[in-house]
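Colleague: See upload_0.cif below, with mmCIF, N, CA and C atoms.
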```
data_entry
loop_
_atom_site.label_atom_id
_atom_site.label_comp_id
_atom_site.auth_asym_id
_atom_site.auth_seq_id
_atom_site.Cartn_x
_atom_site.Cartn_y
_atom_site.Cartn_z
N MET A 1 44.67 95.15 -41.95
CA MET A 1 45.09 96.51 -42.21
C MET A 1 43.89 97.43 -42.10
N SER A 2 44.08 98.52 -41.42
CA SER A 2 43.02 99.48 -41.21
C SER A 2 42.89 100.41 -42.40
N THR A 3 41.66 100.56 -42.87
CA THR A 3 41.43 101.52 -43.94
C THR A 3 40.46 102.55 -43.43
N GLY A 4 40.77 103.79 -43.65
CA GLY A 4 39.89 104.86 -43.20
C GLY A 4 40.43 105.57 -41.99
N LYS A 5 39.95 106.75 -41.80
CA LYS A 5 40.44 107.62 -40.74
C LYS A 5 40.07 107.14 -39.35
N THR A 6 38.86 106.61 -39.19
CA THR A 6 38.39 106.22 -37.86
C THR A 6 39.27 105.13 -37.26
N GLY A 7 39.54 104.09 -38.01
CA GLY A 7 40.36 102.99 -37.49
C GLY A 7 41.76 103.44 -37.13
N ASP A 8 42.33 104.33 -37.94
CA ASP A 8 43.68 104.82 -37.68
C ASP A 8 43.73 105.65 -36.41
N SER A 9 42.78 106.54 -36.21
CA SER A 9 42.84 107.42 -35.05
C SER A 9 42.53 106.67 -33.76
N SER A 10 41.64 105.67 -33.82
CA SER A 10 41.28 104.96 -32.60
C SER A 10 42.45 104.15 -32.06
N SER A 11 43.30 103.64 -32.94
CA SER A 11 44.44 102.86 -32.47
C SER A 11 45.53 103.77 -31.93
N ARG A 12 45.57 105.02 -32.35
CA ARG A 12 46.62 105.92 -31.91
C ARG A 12 46.27 106.67 -30.64
N ASN A 13 45.00 106.78 -30.27
CA ASN A 13 44.68 107.61 -29.12
C ASN A 13 44.47 106.80 -27.85
N ARG A 14 44.93 105.54 -27.82
CA ARG A 14 44.84 104.72 -26.62
C ARG A 14 46.24 104.21 -26.29
N GLU A 15 46.76 104.70 -25.17
CA GLU A 15 48.10 104.32 -24.72
C GLU A 15 48.09 104.23 -23.20
N LYS A 16 49.09 103.56 -22.65
CA LYS A 16 49.22 103.55 -21.20
C LYS A 16 49.74 104.93 -20.80
N LEU A 17 48.92 105.67 -20.04
CA LEU A 17 49.32 107.01 -19.62
C LEU A 17 50.47 106.93 -18.63
N SER A 18 51.44 107.80 -18.81
CA SER A 18 52.56 107.92 -17.89
C SER A 18 52.90 109.40 -17.79
N GLU A 19 53.63 109.76 -16.75
CA GLU A 19 54.03 111.16 -16.59
C GLU A 19 54.83 111.62 -17.81
N LYS A 20 55.70 110.75 -18.30
CA LYS A 20 56.54 111.09 -19.44
C LYS A 20 55.70 111.33 -20.70
N LEU A 21 54.71 110.47 -20.93
CA LEU A 21 53.84 110.61 -22.10
C LEU A 21 53.02 111.89 -22.01
N VAL A 22 52.46 112.17 -20.84
CA VAL A 22 51.65 113.37 -20.66
C VAL A 22 52.49 114.63 -20.89
N GLN A 23 53.68 114.65 -20.36
CA GLN A 23 54.55 115.82 -20.51
C GLN A 23 54.98 116.01 -21.96
N ALA A 24 55.24 114.92 -22.66
CA ALA A 24 55.77 115.00 -24.02
C ALA A 24 54.68 115.18 -25.08
N ALA A 25 53.42 114.99 -24.72
CA ALA A 25 52.33 115.09 -25.70
C ALA A 25 52.30 116.48 -26.33
N GLU A 26 52.31 116.51 -27.65
CA GLU A 26 52.35 117.77 -28.38
C GLU A 26 50.94 118.29 -28.64
N THR A 27 50.82 119.60 -28.71
CA THR A 27 49.54 120.20 -29.06
C THR A 27 49.32 120.03 -30.56
N ARG A 28 48.06 120.06 -30.93
CA ARG A 28 47.68 119.96 -32.34
C ARG A 28 46.73 121.09 -32.66
N PRO A 29 46.31 121.24 -33.91
CA PRO A 29 45.42 122.36 -34.26
C PRO A 29 44.09 122.37 -33.51
N ARG A 30 43.72 121.24 -32.89
CA ARG A 30 42.51 121.22 -32.07
C ARG A 30 42.74 120.32 -30.87
N PRO A 31 41.98 120.51 -29.80
CA PRO A 31 42.18 119.69 -28.60
C PRO A 31 42.04 118.20 -28.93
N ARG A 32 42.77 117.38 -28.19
CA ARG A 32 42.69 115.94 -28.41
C ARG A 32 42.76 115.20 -27.08
N GLN A 33 42.28 113.97 -27.10
CA GLN A 33 42.31 113.13 -25.92
C GLN A 33 43.15 111.90 -26.20
N ILE A 34 43.91 111.47 -25.20
CA ILE A 34 44.62 110.21 -25.25
C ILE A 34 44.04 109.38 -24.12
N PHE A 35 43.43 108.24 -24.46
CA PHE A 35 42.79 107.39 -23.47
C PHE A 35 43.79 106.40 -22.87
N ASP A 36 43.59 106.09 -21.60
CA ASP A 36 44.44 105.17 -20.86
C ASP A 36 44.05 103.73 -21.18
N THR A 37 45.03 102.85 -21.28
CA THR A 37 44.75 101.44 -21.51
C THR A 37 44.48 100.69 -20.21
N GLU A 38 44.83 101.27 -19.07
CA GLU A 38 44.65 100.58 -17.79
C GLU A 38 43.28 100.82 -17.16
N VAL A 39 42.76 102.05 -17.24
CA VAL A 39 41.47 102.37 -16.64
C VAL A 39 40.54 102.83 -17.75
N LEU A 40 39.53 102.04 -18.02
CA LEU A 40 38.57 102.34 -19.08
C LEU A 40 37.87 103.66 -18.80
N GLY A 41 37.92 104.58 -19.75
CA GLY A 41 37.26 105.87 -19.62
C GLY A 41 38.17 107.01 -19.20
N LEU A 42 39.34 106.71 -18.65
CA LEU A 42 40.28 107.75 -18.22
C LEU A 42 41.05 108.26 -19.43
N SER A 43 41.20 109.59 -19.52
CA SER A 43 41.97 110.17 -20.62
C SER A 43 42.64 111.45 -20.15
N ILE A 44 43.59 111.88 -20.95
CA ILE A 44 44.22 113.18 -20.75
C ILE A 44 43.83 114.01 -21.98
N CYS A 45 43.36 115.21 -21.74
CA CYS A 45 42.97 116.11 -22.83
C CYS A 45 44.06 117.16 -22.96
N ILE A 46 44.60 117.28 -24.16
CA ILE A 46 45.65 118.26 -24.43
C ILE A 46 45.01 119.40 -25.22
N TYR A 47 45.04 120.60 -24.64
CA TYR A 47 44.39 121.76 -25.25
C TYR A 47 45.37 122.55 -26.10
N LEU A 48 44.85 123.44 -26.92
CA LEU A 48 45.68 124.26 -27.80
C LEU A 48 46.70 125.09 -27.04
N SER A 49 46.32 125.53 -25.84
CA SER A 49 47.21 126.36 -25.02
C SER A 49 48.38 125.57 -24.45
N GLY A 50 48.29 124.24 -24.53
CA GLY A 50 49.33 123.39 -23.95
C GLY A 50 48.95 122.84 -22.59
N SER A 51 47.86 123.34 -22.00
CA SER A 51 47.44 122.80 -20.71
C SER A 51 46.84 121.41 -20.90
N ARG A 52 46.84 120.64 -19.82
CA ARG A 52 46.39 119.26 -19.86
C ARG A 52 45.49 118.98 -18.68
N SER A 53 44.39 118.25 -18.93
CA SER A 53 43.47 117.89 -17.86
C SER A 53 43.08 116.43 -17.98
N PHE A 54 42.93 115.78 -16.84
CA PHE A 54 42.46 114.40 -16.81
C PHE A 54 40.94 114.41 -16.85
N MET A 55 40.38 113.54 -17.70
CA MET A 55 38.94 113.43 -17.86
C MET A 55 38.54 111.97 -17.63
N PHE A 56 37.27 111.78 -17.28
CA PHE A 56 36.73 110.43 -17.13
C PHE A 56 35.39 110.38 -17.83
N ASP A 57 35.26 109.50 -18.83
CA ASP A 57 34.03 109.32 -19.58
C ASP A 57 33.36 108.03 -19.13
N SER A 58 32.05 108.11 -18.88
CA SER A 58 31.33 106.93 -18.44
C SER A 58 29.84 107.11 -18.69
N ARG A 59 29.10 106.02 -18.63
CA ARG A 59 27.64 106.09 -18.70
C ARG A 59 27.11 106.12 -17.27
N VAL A 60 26.26 107.11 -17.00
CA VAL A 60 25.64 107.26 -15.69
C VAL A 60 24.15 107.42 -15.92
N ALA A 61 23.38 106.54 -15.31
CA ALA A 61 21.92 106.57 -15.45
C ALA A 61 21.52 106.59 -16.93
N GLY A 62 22.23 105.81 -17.75
CA GLY A 62 21.90 105.70 -19.16
C GLY A 62 22.38 106.82 -20.05
N ARG A 63 23.07 107.79 -19.49
CA ARG A 63 23.56 108.93 -20.28
C ARG A 63 25.08 108.97 -20.27
N GLN A 64 25.66 109.34 -21.40
CA GLN A 64 27.11 109.50 -21.49
C GLN A 64 27.50 110.77 -20.74
N ARG A 65 28.45 110.65 -19.83
CA ARG A 65 28.92 111.81 -19.05
C ARG A 65 30.43 111.91 -19.13
N ARG A 66 30.92 113.14 -19.07
CA ARG A 66 32.36 113.39 -19.02
C ARG A 66 32.64 114.25 -17.80
N PHE A 67 33.53 113.77 -16.95
CA PHE A 67 33.89 114.48 -15.73
C PHE A 67 35.35 114.89 -15.79
N THR A 68 35.64 116.10 -15.37
CA THR A 68 37.01 116.56 -15.27
C THR A 68 37.54 116.18 -13.90
N ILE A 69 38.62 115.43 -13.87
CA ILE A 69 39.24 115.03 -12.61
C ILE A 69 40.13 116.15 -12.09
N GLY A 70 40.98 116.68 -12.95
CA GLY A 70 41.87 117.77 -12.54
C GLY A 70 42.95 118.01 -13.57
N ARG A 71 43.68 119.08 -13.35
CA ARG A 71 44.73 119.48 -14.29
C ARG A 71 46.04 118.78 -13.95
N TRP A 72 46.81 118.51 -15.00
CA TRP A 72 48.16 118.00 -14.82
C TRP A 72 49.07 119.22 -14.79
N PRO A 73 50.04 119.37 -13.97
CA PRO A 73 50.68 118.41 -13.08
C PRO A 73 50.14 118.42 -11.64
N GLU A 74 49.09 119.21 -11.36
CA GLU A 74 48.52 119.18 -10.01
C GLU A 74 48.04 117.77 -9.65
N TRP A 75 47.52 117.06 -10.65
CA TRP A 75 47.12 115.66 -10.49
C TRP A 75 48.13 114.80 -11.24
N SER A 76 48.68 113.81 -10.58
CA SER A 76 49.59 112.87 -11.25
C SER A 76 48.76 111.82 -11.98
N VAL A 77 49.40 111.06 -12.85
CA VAL A 77 48.71 109.98 -13.56
C VAL A 77 48.17 108.97 -12.55
N ALA A 78 48.97 108.61 -11.55
CA ALA A 78 48.54 107.62 -10.56
C ALA A 78 47.34 108.11 -9.76
N ALA A 79 47.34 109.37 -9.36
CA ALA A 79 46.22 109.93 -8.60
C ALA A 79 44.97 110.00 -9.46
N ALA A 80 45.10 110.35 -10.73
CA ALA A 80 43.96 110.41 -11.64
C ALA A 80 43.38 109.00 -11.85
N ARG A 81 44.24 108.00 -11.97
CA ARG A 81 43.76 106.61 -12.10
C ARG A 81 42.98 106.19 -10.86
N ASP A 82 43.51 106.51 -9.69
CA ASP A 82 42.81 106.15 -8.45
C ASP A 82 41.45 106.83 -8.38
N ARG A 83 41.39 108.09 -8.75
CA ARG A 83 40.12 108.83 -8.73
C ARG A 83 39.14 108.25 -9.74
N ALA A 84 39.62 107.91 -10.93
CA ALA A 84 38.76 107.34 -11.96
C ALA A 84 38.20 105.99 -11.54
N LYS A 85 38.99 105.21 -10.82
CA LYS A 85 38.51 103.91 -10.32
C LYS A 85 37.45 104.10 -9.24
N ALA A 86 37.55 105.17 -8.46
CA ALA A 86 36.62 105.40 -7.34
C ALA A 86 35.31 106.05 -7.79
N LEU A 87 35.29 106.76 -8.90
CA LEU A 87 34.08 107.48 -9.33
C LEU A 87 32.86 106.59 -9.52
N PRO A 88 32.95 105.46 -10.22
CA PRO A 88 31.75 104.63 -10.40
C PRO A 88 31.14 104.14 -9.08
N ALA A 89 31.95 103.88 -8.09
CA ALA A 89 31.43 103.45 -6.78
C ALA A 89 30.62 104.57 -6.13
N THR A 90 31.02 105.81 -6.36
CA THR A 90 30.29 106.95 -5.83
C THR A 90 28.91 107.03 -6.48
N TRP A 91 28.84 106.74 -7.78
CA TRP A 91 27.56 106.84 -8.49
C TRP A 91 26.61 105.75 -8.05
N THR A 92 27.11 104.55 -7.79
CA THR A 92 26.22 103.47 -7.35
C THR A 92 25.65 103.76 -5.97
N ALA A 93 26.35 104.59 -5.21
CA ALA A 93 25.84 105.00 -3.90
C ALA A 93 24.80 106.11 -4.03
N GLY A 94 24.53 106.54 -5.26
CA GLY A 94 23.49 107.53 -5.49
C GLY A 94 23.97 108.97 -5.55
N ARG A 95 25.26 109.20 -5.49
CA ARG A 95 25.78 110.56 -5.55
C ARG A 95 26.37 110.82 -6.93
N ILE A 96 25.55 111.38 -7.81
CA ILE A 96 25.98 111.69 -9.17
C ILE A 96 26.25 113.19 -9.24
N PRO A 97 27.49 113.57 -9.53
CA PRO A 97 27.81 115.00 -9.58
C PRO A 97 27.11 115.72 -10.72
#
```
Rewrite the structure from the file as structure tokens, please.
Modeller:
Amino acid sequence: MSTGKTGDSSSRNREKLSEKLVQAAETRPRPRQIFDTEVLGLSICIYLSGSRSFMFDSRVAGRQRRFTIGRWPEWSVAAARDRAKALPATWTAGRIP
């Protein structure tokens, strides 16, 4: 059993992202991220305004970086996953945005 706020929130903010989940995600008093269970580092950020953007968190050259992939619905969940999978290969080739 989880005790404390950290354990509770970490289990709730990781789900398999789907179009239905992204569309149904409700806004909260502050922006929040829901991380994907399929691609490590991929998340959807739900802002107070109701807009949603796909983000990718990763370590690059020893530093934590967060990259914005694009806004939903312009980017689908499948397209964001494909982009998130391709980003690390770009960095190993020496092109760090």
Colleague: Would you kindly return, as a ChimeraX atom specification, each protein, DNA or RNA residue with an atom no farther than 12 Å from any atom of A:Gly41, considering only C-alpha atoms and excluding same-chain residues fewer than 3 positions away?
Modeller: /A:14,33-38,44,54-59,64-69,80-81,83-85,87-88
Colleague: Take atom CA of A:Glu19 and atom CA of A:Val77 and report the distance between them in Å, one decimal.
Modeller: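 Interatomic distance here is 6.2 Å.
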Colleague: Show me, as a PDB file with N, CA and C atoms, in the frame of the given file, the residues that have an atom within 8 Å of A:Ser51 when counting all atoms listed in the file, minus same-chain residues fewer than 2 positions from it.
Modeller:
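The result, written out as result_31.pdb:
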```pdb
ATOM      1  N   THR A  27      50.820 119.600 -28.710  1.00  0.00           N
ATOM      2  CA  THR A  27      49.540 120.200 -29.060  1.00  0.00           C
ATOM      3  C   THR A  27      49.320 120.030 -30.560  1.00  0.00           C
ATOM      4  N   CYS A  45      43.360 115.210 -21.740  1.00  0.00           N
ATOM      5  CA  CYS A  45      42.970 116.110 -22.830  1.00  0.00           C
ATOM      6  C   CYS A  45      44.060 117.160 -22.960  1.00  0.00           C
ATOM      7  N   ILE A  46      44.600 117.280 -24.160  1.00  0.00           N
ATOM      8  CA  ILE A  46      45.650 118.260 -24.430  1.00  0.00           C
ATOM      9  C   ILE A  46      45.010 119.400 -25.220  1.00  0.00           C
ATOM     10  N   TYR A  47      45.040 120.600 -24.640  1.00  0.00           N
ATOM     11  CA  TYR A  47      44.390 121.760 -25.250  1.00  0.00           C
ATOM     12  C   TYR A  47      45.370 122.550 -26.100  1.00  0.00           C
ATOM     13  N   LEU A  48      44.850 123.440 -26.920  1.00  0.00           N
ATOM     14  CA  LEU A  48      45.680 124.260 -27.800  1.00  0.00           C
ATOM     15  C   LEU A  48      46.700 125.090 -27.040  1.00  0.00           C
ATOM     16  N   SER A  49      46.320 125.530 -25.840  1.00  0.00           N
ATOM     17  CA  SER A  49      47.210 126.360 -25.020  1.00  0.00           C
ATOM     18  C   SER A  49      48.380 125.570 -24.450  1.00  0.00           C
ATOM     19  N   SER A  53      44.390 118.250 -18.930  1.00  0.00           N
ATOM     20  CA  SER A  53      43.470 117.890 -17.860  1.00  0.00           C
ATOM     21  C   SER A  53      43.080 116.430 -17.980  1.00  0.00           C
ATOM     22  N   PHE A  54      42.930 115.780 -16.840  1.00  0.00           N
ATOM     23  CA  PHE A  54      42.460 114.400 -16.810  1.00  0.00           C
ATOM     24  C   PHE A  54      40.940 114.410 -16.850  1.00  0.00           C
ATOM     25  N   ARG A  71      43.680 119.080 -13.350  1.00  0.00           N
ATOM     26  CA  ARG A  71      44.730 119.480 -14.290  1.00  0.00           C
ATOM     27  C   ARG A  71      46.040 118.780 -13.950  1.00  0.00           C
ATOM     28  N   TRP A  72      46.810 118.510 -15.000  1.00  0.00           N
ATOM     29  CA  TRP A  72      48.160 118.000 -14.820  1.00  0.00           C
ATOM     30  C   TRP A  72      49.070 119.220 -14.790  1.00  0.00           C
ATOM     31  N   PRO A  73      50.040 119.370 -13.970  1.00  0.00           N
ATOM     32  CA  PRO A  73      50.680 118.410 -13.080  1.00  0.00           C
ATOM     33  C   PRO A  73      50.140 118.420 -11.640  1.00  0.00           C
TER      34      PRO A  73
END
```
Colleague: Would you give me, as number ranges by chain, the residues in chain A that DSSP reads as strand (DSSP E)?
Modeller: A: 14-15, 32-36, 42-46, 52-60, 63-72
Colleague: Can you measure atom N of A:Lys16 to atom N of A:Ala61 for me? One decimal in Å is fine.
Modeller: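 Between atom N of A:Lys16 and atom N of A:Ala61 the gap is 26.9 Å.
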Colleague: Report the distance between atom N of A:Ala24 and atom N of A:Glu74 in Å, rounded to one decimal place.
Modeller: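 Computing the Euclidean distance for atom N of A:Ala24 and atom N of A:Glu74 yields 13.6 Å.
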Colleague: So, with only C-alpha atoms as the atoms that count, which of A:Gly50, A:Val60, A:Pro31, A:Gly70 lies closest to A:Ala89?
Modeller: A:Val60
Colleague: For the helix (DSSP H, G or I) assignment from backbone DSSP, which residues of chain A qualify? Please present them as a PyMOL selection string.
Modeller: chain A and resi 5-12+19-24+77-92
Colleague: From the options A:Thr90, A:Val39, A:Arg63, A:Leu17, which residue's atoms come nearest to A:Ser76, counting only C-alpha atoms?
Modeller: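 Ranked by minimum distance to A:Ser76, first place goes to A:Leu17.
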